[in-house]
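A.B. asks: This is the structure I want to talk about, given as structure tokens.
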Amino acid sequence: MKIPFGDLSRQYKKYKKEFDHIVSEVLANGSFILSEHLLSFETNFANYLGSKFAVGVGSATEALFLALKAIGIKDKDEVITVANTAVPTVSAIDFAGATPVFVDIKKDTYNIDPESIKNRITSKTKVLMPVHLYGNPCDMGKIMQIAHDCNLKVIEDCAQAHGAEYKGKKVGTFGDFGAFSFYPSKNLGANGDAGMLVTDSEELAKKIKLLRNYGFEDRYKSILRGFNSRLDEIQAAFLDFKLTKLDEWNLRRKQIAKRYMNELSKLPIILPSYPSDNKHVFHLFVIRVSQRKKFMNFLSREGISTIIHYPVPIHLQPAYEYLNYEKKDLPVTEKLAKEIVSIPIFPDLEDREVEYIIKSIKKFYN
């Protein structure tokens, strides 16, 4: 049996009629940028999250960048985040002219450690950027308290956490901004690049709308030094349809995760951990193993694709040597990076495939 890490063609086959209709409708309408489908999706996504405003942009990287610009980040301002995230999180900080400051993570949830945040705040710190990694919510209670006490802004990186909840409230709605990715493989994915910022601030929402479109207040009247970062109509229409399926897809991910948790619990591997009052949406199912290369090679021979998210923490990446971090600066981050491995979990993964993955992993340990 061959089991891919993900297979979006299955989604297309299932919803071919709807997808083909969406493309035809947008093409027939003849309006492709900043039109009715985007407005509809922005409204529906904001309502889904319980946020007052949502503004579609070109990608999550651009969303984070624009959020930083909107709150007035300046050169050499510091943004506290983690190094075990995808590089785009830090690319956005870099593009905005700010300095990323890395703190360590909690060894159970793999998310930012609030206690580590306190130790890295300086007079230059302006923003906290927690990442809800793998779909697992950060401890937003403690993070927002630190932000309040130190007068800091909070931009949530929700690229992997569509629909995730911290104590009954959806992530992305705690900070000044929540930034979402709609990269095709996400829990809510476009059929191309797309992103979104959500906020409860009307002023910030208006500013993002200016920034995403050259600062245009009216056509050809630029009142702000802006950019080009727009979520196009075809992607917005796809996403508006897919949003109606998100809870169903997240439930399927949770069902698969529950089988993994139940049936792999007695093996010498470390399974995902999260507080029972949080809602993990399992964008990824990440386990920790002691013989990772051997483990991955075995599953590959069994026909099962696996990936490491992420093998090299950002503070040890060549592109970020200028930040002058060294090995052992983030001990928990570095230890986990040597042990983590992601096994397949996506809504169209079949029960027989899940069973085969479980049997194969058990076979490795027998």
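Residues are referred to by chain and number: the chain letter is A, B, ... according to the order shown in the structure tokens, the number counts from 1 in that chain, and ligands are numbered separately from 1 in the order shown.
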Hey, what's within 6 Å of region 173-180 of chain A if we count only C-alpha atoms and toss same-chain stuff fewer than 4 positions away? As a PyMOL selection string, please?

C.D. replies: chain A and resi 60+63+154-159+195-199

A.B. asks: Could you give me, as a PyMOL selection string, each residue of region 188-288 of chain A that DSSP assigns to strand (DSSP E) when run on this structure's backbone?

C.D. replies: chain A and resi 195-199+216-218+221-222+278-279+285-288

A.B. asks: Keeping N, CA and C atoms for every residue in the selection just given, could you write it to a file as a PDB file, in the first residue's frame?

C.D. replies:
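Okay, part27.pdb is ready:
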```pdb
ATOM      1  N   GLY A 195      -3.988  34.427   2.107  1.00  0.00           N
ATOM      2  CA  GLY A 195      -3.850  34.630   3.542  1.00  0.00           C
ATOM      3  C   GLY A 195      -4.916  35.573   4.055  1.00  0.00           C
ATOM      4  N   MET A 196      -4.960  35.757   5.375  1.00  0.00           N
ATOM      5  CA  MET A 196      -5.998  36.596   5.989  1.00  0.00           C
ATOM      6  C   MET A 196      -5.487  37.157   7.310  1.00  0.00           C
ATOM      7  N   LEU A 197      -5.901  38.392   7.580  1.00  0.00           N
ATOM      8  CA  LEU A 197      -5.700  38.988   8.893  1.00  0.00           C
ATOM      9  C   LEU A 197      -7.058  39.240   9.521  1.00  0.00           C
ATOM     10  N   VAL A 198      -7.187  38.915  10.793  1.00  0.00           N
ATOM     11  CA  VAL A 198      -8.410  39.222  11.521  1.00  0.00           C
ATOM     12  C   VAL A 198      -8.071  40.123  12.698  1.00  0.00           C
ATOM     13  N   THR A 199      -9.002  41.002  13.053  1.00  0.00           N
ATOM     14  CA  THR A 199      -8.789  41.940  14.153  1.00  0.00           C
ATOM     15  C   THR A 199     -10.135  42.463  14.631  1.00  0.00           C
ATOM     16  N   PHE A 216      -4.128  52.823  -1.597  1.00  0.00           N
ATOM     17  CA  PHE A 216      -5.170  53.530  -2.343  1.00  0.00           C
ATOM     18  C   PHE A 216      -6.418  53.759  -1.489  1.00  0.00           C
ATOM     19  N   GLU A 217      -6.747  55.028  -1.267  1.00  0.00           N
ATOM     20  CA  GLU A 217      -8.022  55.369  -0.662  1.00  0.00           C
ATOM     21  C   GLU A 217      -9.098  55.385  -1.749  1.00  0.00           C
ATOM     22  N   ASP A 218      -8.728  55.974  -2.872  1.00  0.00           N
ATOM     23  CA  ASP A 218      -9.519  55.934  -4.092  1.00  0.00           C
ATOM     24  C   ASP A 218      -8.583  55.487  -5.203  1.00  0.00           C
ATOM     25  N   LYS A 221      -5.315  57.322  -5.878  1.00  0.00           N
ATOM     26  CA  LYS A 221      -5.020  58.249  -4.792  1.00  0.00           C
ATOM     27  C   LYS A 221      -4.443  57.458  -3.620  1.00  0.00           C
ATOM     28  N   SER A 222      -3.122  57.501  -3.482  1.00  0.00           N
ATOM     29  CA  SER A 222      -2.426  56.732  -2.452  1.00  0.00           C
ATOM     30  C   SER A 222      -2.156  57.625  -1.240  1.00  0.00           C
ATOM     31  N   ASN A 278      -8.596  22.758  25.674  1.00  0.00           N
ATOM     32  CA  ASN A 278      -8.267  23.373  24.391  1.00  0.00           C
ATOM     33  C   ASN A 278      -8.718  22.470  23.251  1.00  0.00           C
ATOM     34  N   LYS A 279      -8.904  23.059  22.084  1.00  0.00           N
ATOM     35  CA  LYS A 279      -9.297  22.304  20.903  1.00  0.00           C
ATOM     36  C   LYS A 279      -8.142  22.308  19.909  1.00  0.00           C
ATOM     37  N   PHE A 285       0.114  15.674  12.782  1.00  0.00           N
ATOM     38  CA  PHE A 285       0.210  14.751  13.907  1.00  0.00           C
ATOM     39  C   PHE A 285       1.683  14.427  14.084  1.00  0.00           C
ATOM     40  N   VAL A 286       2.273  15.033  15.107  1.00  0.00           N
ATOM     41  CA  VAL A 286       3.722  14.973  15.300  1.00  0.00           C
ATOM     42  C   VAL A 286       4.052  14.123  16.525  1.00  0.00           C
ATOM     43  N   ILE A 287       4.862  13.108  16.299  1.00  0.00           N
ATOM     44  CA  ILE A 287       5.311  12.247  17.387  1.00  0.00           C
ATOM     45  C   ILE A 287       6.812  12.411  17.563  1.00  0.00           C
ATOM     46  N   ARG A 288       7.320  11.896  18.681  1.00  0.00           N
ATOM     47  CA  ARG A 288       8.771  11.927  18.925  1.00  0.00           C
ATOM     48  C   ARG A 288       9.274  10.494  19.065  1.00  0.00           C
TER      49      ARG A 288
END
```

A.B. asks: Taking into account only C-alpha atoms, which residue in the set A:Leu251, A:Ile105, A:Ile143, A:Leu336 is nearest to His280 (chain A)?

C.D. replies: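 Looking only at the distances to His280 (chain A), the closest residue turns out to be A:Leu251.
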
A.B. asks: What is the CA of Pro137 (chain A)-CA of Asn151 (chain A) distance in Å, reported with one decimal?

C.D. replies: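 Interatomic distance here is 22.3 Å.
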
A.B. asks: Can you tell me, as a ChimeraX atom specification, what residues are no more than 9 Å from region 307-320 of chain A when counting only C-alpha atoms, ignoring any on the same chain fewer than 5 positions away?

C.D. replies: /A:5,82-87,90,102,134,284,286,296,325-327,329-330,333-334,337-344

A.B. asks: Output C-alpha atoms for every residue in the selection just made, as a PDB file, in the first residue's frame.

C.D. replies:
```
ATOM      1  CA  PHE A   5       1.572  12.441   3.405  1.00  0.00           C
ATOM      2  CA  VAL A  82       9.934  30.783  18.403  1.00  0.00           C
ATOM      3  CA  ALA A  83      12.547  29.055  16.256  1.00  0.00           C
ATOM      4  CA  ASN A  84      10.694  25.750  15.746  1.00  0.00           C
ATOM      5  CA  THR A  85       8.229  27.278  13.311  1.00  0.00           C
ATOM      6  CA  ALA A  86       8.255  27.538   9.523  1.00  0.00           C
ATOM      7  CA  VAL A  87      10.789  30.039   8.168  1.00  0.00           C
ATOM      8  CA  VAL A  90      10.571  34.970  10.714  1.00  0.00           C
ATOM      9  CA  PHE A 102      13.798  33.589  19.795  1.00  0.00           C
ATOM     10  CA  TYR A 134       0.586  22.006  14.369  1.00  0.00           C
ATOM     11  CA  LEU A 284      -0.134  17.827  11.731  1.00  0.00           C
ATOM     12  CA  VAL A 286       3.722  14.973  15.300  1.00  0.00           C
ATOM     13  CA  MET A 296      11.245   6.979   8.755  1.00  0.00           C
ATOM     14  CA  TYR A 325      22.566  32.400  18.051  1.00  0.00           C
ATOM     15  CA  GLU A 326      24.540  29.264  18.798  1.00  0.00           C
ATOM     16  CA  LYS A 327      23.735  25.631  19.424  1.00  0.00           C
ATOM     17  CA  ASP A 329      20.876  28.540  23.088  1.00  0.00           C
ATOM     18  CA  LEU A 330      17.410  26.981  22.841  1.00  0.00           C
ATOM     19  CA  THR A 333      13.801  23.482  20.718  1.00  0.00           C
ATOM     20  CA  GLU A 334      17.004  21.809  19.573  1.00  0.00           C
ATOM     21  CA  ALA A 337      14.050  19.012  16.419  1.00  0.00           C
ATOM     22  CA  LYS A 338      16.127  15.818  16.512  1.00  0.00           C
ATOM     23  CA  GLU A 339      13.196  13.616  17.540  1.00  0.00           C
ATOM     24  CA  ILE A 340      10.006  14.869  15.871  1.00  0.00           C
ATOM     25  CA  VAL A 341       8.380  13.254  12.851  1.00  0.00           C
ATOM     26  CA  SER A 342       4.977  13.866  11.265  1.00  0.00           C
ATOM     27  CA  ILE A 343       2.825  10.940  10.150  1.00  0.00           C
ATOM     28  CA  PRO A 344      -0.074  11.289   7.665  1.00  0.00           C
TER      29      PRO A 344
END
```

A.B. asks: I'd like to know which residues of region 92-280 of chain A are alpha helix (DSSP H) (by DSSP, run on the backbone); could you write them as a PyMOL selection string?

C.D. replies: chain A and resi 92-95+114-120+140-150+202-211+233-243+246-263

A.B. asks: Just the residues within 10 Å of region 243-248 of chain A, please, counting only C-alpha atoms, with nothing from its chain fewer than 2 positions along; format it as a list of chain:residue names.

C.D. replies: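 In the requested form, the answer reads A:Phe41, A:Asn44, A:Phe45, A:Tyr48, A:His162, A:Gly163, A:Asn187, A:Leu188, A:Gly189, A:Ala237, A:Phe238, A:Leu239, A:Asp240, A:Phe241, A:Asn250, A:Leu251, A:Arg252, A:Arg253, A:Lys254, A:Val281, A:Pro347.
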
A.B. asks: Those same residues - N, CA and C atoms - I'd like them written as a compact mmCIF listing (two decimals), in the first residue's frame.

C.D. replies:
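Here's the written file selection_8.txt:
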```txt
# COMPACT_ATOMS: atom_id res chain seq x y z
N PHE A 41 -16.25 36.11 1.61
CA PHE A 41 -15.39 35.24 2.41
C PHE A 41 -14.86 35.97 3.64
N ASN A 44 -17.69 36.00 6.16
CA ASN A 44 -17.98 34.67 6.70
C ASN A 44 -16.86 34.16 7.59
N PHE A 45 -15.62 34.44 7.22
CA PHE A 45 -14.48 33.98 8.04
C PHE A 45 -14.45 34.73 9.37
N TYR A 48 -17.10 33.26 11.50
CA TYR A 48 -16.72 31.92 11.96
C TYR A 48 -15.82 32.01 13.19
N HIS A 162 -6.57 26.76 11.94
CA HIS A 162 -7.93 27.19 11.58
C HIS A 162 -8.97 26.43 12.40
N GLY A 163 -9.68 27.14 13.25
CA GLY A 163 -10.72 26.51 14.06
C GLY A 163 -10.26 26.04 15.42
N ASN A 187 -5.55 23.25 6.96
CA ASN A 187 -6.89 22.75 7.31
C ASN A 187 -7.96 23.44 6.47
N LEU A 188 -7.78 24.71 6.23
CA LEU A 188 -8.60 25.46 5.28
C LEU A 188 -7.64 26.00 4.23
N GLY A 189 -7.59 25.32 3.08
CA GLY A 189 -6.59 25.65 2.07
C GLY A 189 -7.22 26.12 0.78
N ALA A 237 -13.46 32.58 -3.58
CA ALA A 237 -14.65 31.77 -3.83
C ALA A 237 -14.43 30.32 -3.39
N PHE A 238 -13.25 29.77 -3.70
CA PHE A 238 -12.92 28.42 -3.23
C PHE A 238 -12.99 28.36 -1.71
N LEU A 239 -12.36 29.34 -1.06
CA LEU A 239 -12.28 29.34 0.39
C LEU A 239 -13.64 29.54 1.05
N ASP A 240 -14.48 30.34 0.44
CA ASP A 240 -15.82 30.54 0.98
C ASP A 240 -16.60 29.23 0.98
N PHE A 241 -16.45 28.45 -0.08
CA PHE A 241 -17.08 27.13 -0.12
C PHE A 241 -16.44 26.18 0.89
N ASN A 250 -12.06 19.22 10.23
CA ASN A 250 -11.34 19.21 11.51
C ASN A 250 -11.78 18.04 12.38
N LEU A 251 -13.07 17.72 12.34
CA LEU A 251 -13.57 16.57 13.10
C LEU A 251 -12.94 15.28 12.60
N ARG A 252 -12.81 15.15 11.29
CA ARG A 252 -12.17 13.96 10.73
C ARG A 252 -10.71 13.87 11.17
N ARG A 253 -10.01 14.99 11.18
CA ARG A 253 -8.63 15.00 11.66
C ARG A 253 -8.57 14.54 13.12
N LYS A 254 -9.52 15.02 13.92
CA LYS A 254 -9.56 14.65 15.34
C LYS A 254 -9.84 13.17 15.51
N VAL A 281 -6.61 21.15 16.42
CA VAL A 281 -7.22 20.80 15.13
C VAL A 281 -6.31 19.93 14.26
N PRO A 347 -8.07 14.95 6.00
CA PRO A 347 -9.47 14.50 6.05
C PRO A 347 -9.82 13.36 5.12
```

A.B. asks: Tell me, in Å to one decimal, how far CA of Ala70 (chain A) is from CA of His148 (chain A).

C.D. replies: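 Here the two named atoms are 19.1 Å from each other.
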
A.B. asks: Which residues come within 10 Å of Asn136 (chain A), counting only C-alpha atoms, excluding same-chain residues fewer than 4 positions away, as an MDAnalysis selection string?

C.D. replies: chainID A and resid 109:111 131:132 158 160:161 164:166 171 272:275 278:284

A.B. asks: Please produce a file of the residues just selected, as a compact mmCIF listing (two decimals), in the first residue's frame, where the atoms kept are N, CA and C atoms.

C.D. replies:
```txt
# COMPACT_ATOMS: atom_id res chain seq x y z
N THR A 109 3.91 20.71 24.76
CA THR A 109 3.05 21.22 23.68
C THR A 109 3.82 21.67 22.45
N TYR A 110 5.14 21.87 22.58
CA TYR A 110 6.01 22.39 21.51
C TYR A 110 5.72 23.85 21.18
N ASN A 111 4.90 24.49 21.98
CA ASN A 111 4.57 25.90 21.76
C ASN A 111 5.41 26.81 22.64
N VAL A 131 3.09 31.22 17.95
CA VAL A 131 2.72 30.37 16.82
C VAL A 131 1.93 29.18 17.35
N HIS A 132 0.70 29.04 16.89
CA HIS A 132 -0.13 27.90 17.31
C HIS A 132 0.28 26.70 16.47
N CYS A 158 -1.49 31.99 13.13
CA CYS A 158 -2.50 30.91 13.12
C CYS A 158 -2.45 30.11 11.83
N GLN A 160 -1.45 27.33 11.01
CA GLN A 160 -1.75 25.90 11.10
C GLN A 160 -2.94 25.61 12.02
N ALA A 161 -3.72 26.64 12.33
CA ALA A 161 -4.67 26.46 13.43
C ALA A 161 -6.08 26.96 13.14
N ALA A 164 -8.96 26.13 15.71
CA ALA A 164 -8.46 25.73 17.03
C ALA A 164 -8.98 26.69 18.09
N GLU A 165 -9.15 26.19 19.31
CA GLU A 165 -9.71 27.01 20.38
C GLU A 165 -8.89 26.92 21.65
N TYR A 166 -8.73 28.07 22.30
CA TYR A 166 -8.14 28.14 23.63
C TYR A 166 -9.25 28.48 24.61
N VAL A 171 -8.57 30.70 18.27
CA VAL A 171 -7.29 31.39 18.16
C VAL A 171 -7.35 32.39 17.01
N PRO A 272 1.40 13.54 20.87
CA PRO A 272 1.05 14.95 21.11
C PRO A 272 0.38 15.15 22.45
N SER A 273 0.61 16.34 23.04
CA SER A 273 0.03 16.67 24.34
C SER A 273 -0.60 18.05 24.26
N TYR A 274 -1.79 18.17 24.85
CA TYR A 274 -2.47 19.46 24.88
C TYR A 274 -3.49 19.46 26.01
N PRO A 275 -3.76 20.61 26.61
CA PRO A 275 -4.75 20.67 27.70
C PRO A 275 -6.13 20.23 27.23
N ASN A 278 -8.60 22.76 25.67
CA ASN A 278 -8.27 23.37 24.39
C ASN A 278 -8.72 22.47 23.25
N LYS A 279 -8.90 23.06 22.08
CA LYS A 279 -9.30 22.30 20.90
C LYS A 279 -8.14 22.31 19.91
N HIS A 280 -7.47 21.19 19.82
CA HIS A 280 -6.38 20.97 18.87
C HIS A 280 -7.01 20.54 17.54
N VAL A 281 -6.61 21.15 16.42
CA VAL A 281 -7.22 20.80 15.13
C VAL A 281 -6.31 19.93 14.26
N PHE A 282 -5.18 19.51 14.80
CA PHE A 282 -4.32 18.51 14.17
C PHE A 282 -4.04 18.78 12.69
N HIS A 283 -3.54 19.98 12.44
CA HIS A 283 -3.01 20.22 11.10
C HIS A 283 -1.93 19.18 10.80
N LEU A 284 -1.15 18.88 11.82
CA LEU A 284 -0.13 17.83 11.73
C LEU A 284 -0.23 16.93 12.95
```

A.B. asks: With only C-alpha atoms as the atoms that count, which of A:Leu323, A:Met140, A:Val26, A:Leu64 lies nearest to Pro100 (chain A)?

C.D. replies: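 Of the candidates, the smallest distance to Pro100 (chain A) is held by A:Leu323.
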
A.B. asks: With a distance cut-off of 12 Å and only C-alpha atoms, select the neighbouring residues of Lys294 (chain A), excluding the residue or stretch itself and same-chain residues fewer than 4 positions from it, and output the selection as a ChimeraX atom specification.

C.D. replies: /A:289-290,298-301,339,341,361,364-365

A.B. asks: For each of A:Ser116, A:Ser201, A:Gln145, A:Ser185, take the minimum atom-to-atom distance to Ala54 (chain A), counting only C-alpha atoms, then give the residue where this is smallest.

C.D. replies: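 Closest residue, counting only C-alpha atoms: A:Ser201.
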
A.B. asks: Would you please work out which residue, of A:Ser181, A:Ser229, A:Gln291, A:Thr43, is nearest to Leu66 (chain A) when using only C-alpha atoms?

C.D. replies: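 Checking each of A:Ser181, A:Ser229, A:Gln291, A:Thr43 against Leu66 (chain A), counting only C-alpha atoms, the winner is A:Ser229.
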
A.B. asks: Got a sec: who's within 9 Å of Leu39 (chain A), counting only C-alpha atoms, leaving out chain neighbours fewer than 6 positions off, as a ChimeraX atom specification?

C.D. replies: /A:55-56,236

A.B. asks: As an exercise, work out the distance from CA of Pro88 (chain A) to CA of Lys126 (chain A) in Å and give it to one decimal place.

C.D. replies: 19.3 Å
